[in-house]
$ cat query04.txt   # compact mmCIF, C-alpha atoms and all ligand atoms
# COMPACT_ATOMS: atom_id res chain seq x y z
CA MET X 1 93.33 168.31 111.80
CA ARG X 2 89.65 167.70 111.38
CA ARG X 3 87.33 169.63 109.14
CA GLU X 4 83.90 168.21 109.67
CA GLN X 5 81.89 171.42 109.55
CA ASN X 6 82.04 172.38 105.88
CA SER X 7 81.83 168.92 104.47
CA GLY X 8 79.31 169.79 101.75
CA ARG X 9 81.49 172.25 99.88
CA GLY X 10 83.00 171.61 96.51
CA ARG X 11 81.31 168.29 95.99
CA SER X 12 79.65 169.16 92.71
CA SER X 13 82.89 169.94 90.89
CA ALA X 14 84.97 167.28 92.62
CA MET X 15 86.23 164.24 90.80
CA HIS X 16 85.25 160.89 92.10
CA VAL X 17 87.32 159.96 95.13
CA GLY X 18 88.15 156.57 93.62
CA LYS X 19 89.68 158.10 90.51
CA LEU X 20 91.78 160.42 92.64
CA MET X 21 92.93 157.71 95.00
CA ALA X 22 93.80 155.47 92.07
CA ARG X 23 96.74 157.85 91.56
CA LEU X 24 98.28 156.40 94.70
CA ASN X 25 98.49 152.95 93.11
CA VAL X 26 101.76 152.64 91.29
CA LYS X 27 100.17 150.38 88.71
CA ASN X 28 97.62 153.08 87.90
CA VAL X 29 99.83 156.12 87.45
CA ARG X 30 98.38 156.79 84.00
CA PHE X 31 94.82 156.51 85.26
CA ASP X 32 94.31 160.26 85.25
CA VAL X 33 95.36 160.90 81.66
CA GLY X 34 92.52 162.60 79.87
CA SER X 35 90.15 162.23 82.79
CA GLY X 36 89.46 165.95 83.03
CA GLY X 37 88.50 167.52 86.35
CA ILE X 38 91.67 168.59 88.14
CA PRO X 39 94.52 167.24 86.02
CA GLU X 40 97.29 169.02 87.89
CA LEU X 41 96.71 167.01 91.07
CA THR X 42 99.65 164.81 91.95
CA PRO X 43 99.73 161.59 93.98
CA GLN X 44 101.34 163.68 96.74
CA ASP X 45 98.31 166.00 96.77
CA VAL X 46 96.00 163.03 96.99
CA ALA X 47 98.03 161.50 99.82
CA ALA X 48 98.03 164.85 101.64
CA ALA X 49 94.24 165.13 101.26
CA LEU X 50 93.92 161.67 102.77
CA GLY X 51 95.60 163.12 105.84
CA TYR X 52 92.49 165.27 106.38
CA VAL X 53 90.27 162.21 106.75
CA GLU X 54 89.71 161.30 110.39
CA ASP X 55 90.90 157.89 111.55
CA GLY X 56 88.32 155.16 111.67
CA ILE X 57 86.13 152.92 109.58
CA GLY X 58 85.56 155.46 106.78
CA ARG X 59 89.24 156.09 106.19
CA GLU X 60 90.08 152.40 106.27
CA MET X 61 87.21 151.66 103.88
CA LEU X 62 88.41 154.35 101.46
CA CYS X 63 91.82 152.67 101.41
CA GLN X 64 90.36 149.18 101.08
CA VAL X 65 88.12 150.11 98.20
CA TRP X 66 90.25 152.55 96.24
CA TRP X 67 93.87 152.11 97.24
CA PRO X 68 94.64 148.39 97.42
CA ASP X 69 98.41 148.93 97.54
CA GLY X 70 98.06 151.11 100.61
CA ALA X 71 95.33 149.04 102.20
CA LYS X 72 97.28 145.81 102.52
CA LEU X 73 98.53 146.81 105.95
CA THR X 74 95.23 148.12 107.19
CA GLU X 75 92.80 145.28 106.55
CA ARG X 76 93.42 143.67 109.91
CA HIS X 77 92.91 147.00 111.64
CA LEU X 78 89.67 147.57 109.74
CA LEU X 79 88.38 144.12 110.70
CA GLU X 80 89.24 144.82 114.34
CA ILE X 81 87.41 148.14 114.51
CA LEU X 82 84.42 146.65 112.72
CA ALA X 83 84.39 143.77 115.22
CA GLU X 84 84.35 146.25 118.10
CA ALA X 85 81.53 148.26 116.47
CA GLN X 86 79.47 145.08 116.03
CA ARG X 87 80.10 144.03 119.62
CA LEU X 88 78.90 147.39 120.96
CA GLU X 89 75.79 147.24 118.77
CA TRP X 90 75.08 143.66 119.87
CA GLN X 91 75.35 144.82 123.49
CA ARG X 92 73.03 147.77 122.85
CA ARG X 93 70.39 145.44 121.41
CA GLU X 94 70.73 142.98 124.30
CA ASP X 95 70.37 145.87 126.78
CA ALA X 96 67.21 146.98 124.96
CA MET X 97 65.90 143.40 125.24
CA LEU X 98 66.61 143.26 128.97
CA ASN X 99 64.97 146.64 129.52
CA ALA X 100 61.91 145.50 127.57
CA MET X 101 61.64 142.33 129.66
CA LEU X 102 61.84 144.35 132.86
CA ALA X 103 59.21 146.74 131.48
CA VAL X 104 56.86 143.83 130.76
CA ALA X 105 57.45 142.51 134.27
CA ALA X 106 56.62 145.91 135.75
CA HIS X 107 53.82 147.11 133.45
CA GLY X 108 52.42 143.96 131.88
CA ASN X 109 50.70 144.21 128.52
CA LYS X 110 51.41 147.92 128.16
CA ALA X 111 55.07 147.09 127.50
CA GLN X 112 54.41 144.28 125.01
CA MET X 113 55.08 146.49 121.99
CA LEU X 114 58.45 147.49 123.40
CA TYR X 115 59.24 143.84 124.01
CA ALA X 116 58.21 142.77 120.49
CA LYS X 117 60.39 145.48 118.96
CA ALA X 118 63.44 144.63 121.09
CA HIS X 119 62.97 140.94 120.39
CA GLY X 120 62.67 141.53 116.64
CA ASP X 121 65.82 143.67 116.63
CA ARG X 122 67.95 141.10 118.43
CA TRP X 123 71.08 139.78 116.74
CA PRO X 124 72.25 136.15 116.75
CA ARG X 125 74.39 134.98 119.68
CA MET X 126 77.98 136.18 119.63
CA ALA X 127 79.27 133.09 121.41
CA TRP X 128 78.10 129.93 123.13
CA MET X 129 79.53 127.38 125.50
CA GLU X 130 80.88 124.09 124.23
CA GLN X 131 82.05 121.74 126.98
CA GLY X 132 82.55 124.69 129.26
CA ILE X 133 84.56 126.70 126.73
CA PRO X 134 83.12 129.81 125.00
CA VAL X 135 83.09 129.49 121.21
CA PRO X 136 82.68 132.66 119.11
CA ALA X 137 79.98 132.71 116.40
CA GLN X 138 81.78 132.70 113.05
CA GLY X 139 78.91 134.57 111.40
CA TYR X 140 80.08 137.99 112.60
CA THR X 141 83.53 137.52 111.08
CA ARG X 142 81.96 136.33 107.84
CA VAL X 143 79.64 139.33 107.68
CA ARG X 144 82.56 141.72 108.17
CA ARG X 145 84.52 140.14 105.34
CA ALA X 146 81.49 139.89 103.04
CA VAL X 147 80.59 143.56 103.56
CA ILE X 148 84.14 144.68 102.77
CA ASP X 149 84.19 142.43 99.69
CA GLU X 150 80.82 143.73 98.55
CA MET X 151 82.00 147.33 98.83
CA LYS X 152 85.26 146.52 97.04
CA GLY X 153 83.77 144.36 94.34
CA ALA X 154 80.34 145.67 93.46
CA GLY X 155 80.14 147.74 90.31
CA LEU X 156 79.64 151.47 90.46
CA CYS X 157 76.04 152.66 90.63
CA SER X 158 74.66 153.61 87.23
CA GLY X 159 72.59 156.44 88.72
CA CYS X 160 75.51 158.47 90.12
CA ASN X 161 78.56 156.73 88.65
CA GLY X 162 79.84 156.05 92.13
CA ARG X 163 79.63 159.65 93.30
CA ALA X 164 76.81 158.94 95.80
CA TYR X 165 75.19 162.27 94.83
CA ARG X 166 73.42 163.39 91.69
CA SER X 167 71.65 166.50 90.44
CA ASN X 168 67.88 166.56 90.56
CA ASP X 169 65.56 168.35 88.09
CA THR X 170 66.31 171.74 89.61
CA GLY X 171 70.07 171.18 89.47
CA ALA X 172 70.43 170.76 93.23
CA LEU X 173 72.65 167.95 94.53
CA CYS X 174 70.84 165.17 96.32
CA LEU X 175 71.64 161.72 97.60
CA CYS X 176 71.46 159.20 94.76
CA PRO X 177 68.07 157.45 94.98
CA LEU X 178 69.35 154.27 93.31
CA CYS X 179 72.19 153.38 95.67
CA LEU X 180 71.10 155.56 98.64
CA GLY X 181 74.58 157.03 98.83
CA SER X 182 76.67 153.87 98.75
CA GLY X 183 77.92 154.61 95.23
CA HIS X 184 77.66 150.91 94.42
CA ARG X 185 75.12 148.71 92.72
CA PRO X 186 73.28 146.82 95.44
CA ILE X 187 73.64 143.04 95.37
CA SER X 188 70.87 140.56 96.15
CA GLU X 189 70.05 139.23 99.59
CA ARG X 190 70.70 135.70 98.37
CA SER X 191 74.19 136.64 97.18
CA ARG X 192 74.82 138.15 100.59
CA ALA X 193 73.71 134.97 102.34
CA GLU X 194 76.02 132.99 100.08
CA ALA X 195 78.93 135.32 100.80
CA CYS X 196 78.36 134.77 104.52
CA GLY X 197 78.37 131.00 104.07
CA VAL X 198 74.86 130.54 105.50
CA SER X 199 71.66 129.16 104.01
CA TRP X 200 68.95 131.54 102.91
CA MET X 201 66.80 130.45 105.86
CA GLY X 202 69.70 130.90 108.24
CA TYR X 203 70.47 134.32 106.82
CA ARG X 204 66.89 135.46 107.38
CA LYS X 205 67.09 134.48 111.03
CA GLY X 206 69.02 137.56 112.07
CA TRP X 207 72.19 137.59 109.97
CA ASP X 208 70.37 139.88 107.51
CA ARG X 209 70.03 142.45 110.28
CA VAL X 210 73.72 142.17 111.16
CA TYR X 211 74.67 142.49 107.49
CA GLU X 212 72.48 145.50 106.80
CA TRP X 213 73.66 147.29 109.92
CA THR X 214 77.33 146.62 109.14
CA MET X 215 76.83 147.69 105.52
CA ALA X 216 75.09 150.91 106.57
CA LEU X 217 77.89 151.67 109.04
CA CYS X 218 80.56 151.18 106.36
CA THR X 219 78.63 153.11 103.71
CA GLU X 220 77.94 156.10 105.94
CA SER X 221 81.50 156.12 107.32
CA MET X 222 82.95 156.01 103.81
CA ARG X 223 80.67 158.78 102.61
CA ARG X 224 81.79 161.03 105.45
CA ALA X 225 85.42 160.13 104.78
CA SER X 226 84.96 160.99 101.08
CA GLN X 227 83.59 164.39 102.02
CA GLN X 228 86.53 165.02 104.35
CA PHE X 229 88.89 163.89 101.58
CA HIS X 230 87.41 166.41 99.13
CA ASP X 231 87.56 169.15 101.77
CA GLY X 232 91.19 168.17 102.32
CA LEU X 233 91.88 168.48 98.60
CA GLY X 234 90.44 171.98 98.67
CA THR X 235 92.89 172.87 101.44
CA VAL X 236 95.88 171.18 99.81
CA ARG X 237 95.25 172.84 96.46
CA VAL X 238 94.08 176.35 97.28
CA PRO X 239 93.53 178.19 93.95
CA ASN X 240 95.92 181.09 93.31
ZN ZN X 301 74.10 155.95 93.07
$ encode --input "query04.txt" --output "structure tokens"
Amino acid sequence: MRREQNSGRGRSSAMHVGKLMARLNVKNVRFDVGSGGIPELTPQDVAAALGYVEDGIGREMLCQVWWPDGAKLTERHLLEILAEAQRLEWQRREDAMLNAMLAVAAHGNKAQMLYAKAHGDRWPRMAWMEQGIPVPAQGYTRVRRAVIDEMKGAGLCSGCNGRAYRSNDTGALCLCPLCLGSGHRPISERSRAEACGVSWMGYRKGWDRVYEWTMALCTESMRRASQQFHDGLGTVRVPN
């Protein structure tokens, strides 16, 4: 059951997805008291709406960030699918690098720009050989964990209160300019380097690109999942 076409509907009147999903946490059953919005929604409605969110990074992130009780079982799965996404992106960048090298070989200086771009986009090695045995780079695992922690721990954006969208001067909904749709307050590059366990210099040698890409993937996936969740709510609770 996927409803990706009408994902923009109902967003303006919808409560924040986090407040709704908090109803699934036993500890937070009173969270909705006096919160306005759609007070008649039950945890069962919220759980049913979650069923309308397609499987993948966005759904897992929604659970990780807003439903810790339900997310305990899914963290490993989330880390696995993020690892696979990173591996595919690493491969794409290496392919671009190889193509650029071949282009330089064939066309000389005319392909230098392509080469410079591909080289600048390259990610750190995923593994290297140590006494004949491949050793995986720990950085990718650290980035995955740090991104999840950042999305779970960072405070809500003051511009949109975590909604990712806000009204502009004409009343139209637009992507929040402060958080660019993440719903969270951005944290500093240095804090990110620290969270990844690398020096600032080391972070700037390519781990920043890995971090930003992984963050963007999680943010965009979660935004889409939130839209599907709200669409699901509209289906679960059709007005009489
Ligand atoms: Zn915002």
$ residues_near_ligand --input "query04.txt" --ligand "ligand ZN 301 (chain X)" --cutoff "9 Å" --atoms "all atoms listed in the file" --output "ChimeraX atom specification"
/X:156-166,175-185
$ residues_around --input "query04.txt" --residues "region 190-202 of chain X" --least-positions-apart "5" --cutoff "12 Å" --atoms "only C-alpha atoms" --output "PyMOL selection string"
chain X and resi 124+138-151+154+207-212+215
$ write_last_selection --input "query04.txt" --atoms "C-alpha atoms" --output "PDB file, in the frame of the given file"
ATOM      1  CA  PRO X 124      72.250 136.150 116.750  1.00  0.00           C
ATOM      2  CA  GLN X 138      81.780 132.700 113.050  1.00  0.00           C
ATOM      3  CA  GLY X 139      78.910 134.570 111.400  1.00  0.00           C
ATOM      4  CA  TYR X 140      80.080 137.990 112.600  1.00  0.00           C
ATOM      5  CA  THR X 141      83.530 137.520 111.080  1.00  0.00           C
ATOM      6  CA  ARG X 142      81.960 136.330 107.840  1.00  0.00           C
ATOM      7  CA  VAL X 143      79.640 139.330 107.680  1.00  0.00           C
ATOM      8  CA  ARG X 144      82.560 141.720 108.170  1.00  0.00           C
ATOM      9  CA  ARG X 145      84.520 140.140 105.340  1.00  0.00           C
ATOM     10  CA  ALA X 146      81.490 139.890 103.040  1.00  0.00           C
ATOM     11  CA  VAL X 147      80.590 143.560 103.560  1.00  0.00           C
ATOM     12  CA  ILE X 148      84.140 144.680 102.770  1.00  0.00           C
ATOM     13  CA  ASP X 149      84.190 142.430  99.690  1.00  0.00           C
ATOM     14  CA  GLU X 150      80.820 143.730  98.550  1.00  0.00           C
ATOM     15  CA  MET X 151      82.000 147.330  98.830  1.00  0.00           C
ATOM     16  CA  ALA X 154      80.340 145.670  93.460  1.00  0.00           C
ATOM     17  CA  TRP X 207      72.190 137.590 109.970  1.00  0.00           C
ATOM     18  CA  ASP X 208      70.370 139.880 107.510  1.00  0.00           C
ATOM     19  CA  ARG X 209      70.030 142.450 110.280  1.00  0.00           C
ATOM     20  CA  VAL X 210      73.720 142.170 111.160  1.00  0.00           C
ATOM     21  CA  TYR X 211      74.670 142.490 107.490  1.00  0.00           C
ATOM     22  CA  GLU X 212      72.480 145.500 106.800  1.00  0.00           C
ATOM     23  CA  MET X 215      76.830 147.690 105.520  1.00  0.00           C
TER      24      MET X 215
END
$ atom_distance --input "query04.txt" --atom1 "CA of Gly51 (chain X)" --atom2 "CA of Ala85 (chain X)"
23.1 Å
$ atom_distance --input "query04.txt" --atom1 "CA of Glu130 (chain X)" --atom2 "CA of Arg87 (chain X)"
20.5 Å
$ residues_around --input "query04.txt" --residues "Ile57 (chain X)" --least-positions-apart "6" --cutoff "8 Å" --atoms "only C-alpha atoms" --output "list in words"
Leu78, Ile81, Leu82, Cys218, Ser221 and Met222 of chain X
$ closest_residue --input "query04.txt" --among "X:Tyr52, X:Gln44, X:Ala106, X:Val135" --to "Gln227 (chain X)" --atoms "only C-alpha atoms"
X:Tyr52
$ atom_distance --input "query04.txt" --atom1 "CA of Val46 (chain X)" --atom2 "CA of Val17 (chain X)"
9.4 Å
$ closest_residue --input "query04.txt" --among "X:Ser226, X:Ser188, X:Gln131, X:Gln91" --to "Cys63 (chain X)" --atoms "all atoms listed in the file"
X:Ser226
$ residues_around --input "query04.txt" --residues "Thr74 (chain X)" --least-positions-apart "3" --cutoff "12 Å" --atoms "all atoms listed in the file" --output "list in words"
Asp55, Gly56, Ile57, Arg59, Glu60, Met61, Leu62, Cys63, Gln64, Val65, Trp67, Pro68, Asp69, Gly70, Ala71, His77, Leu78, Leu79, Glu80 and Ile81 of chain X
$ closest_residue --input "query04.txt" --among "X:Lys152, X:Leu233, X:Gly206, X:Met113" --to "Thr219 (chain X)" --atoms "all atoms listed in the file"
X:Lys152
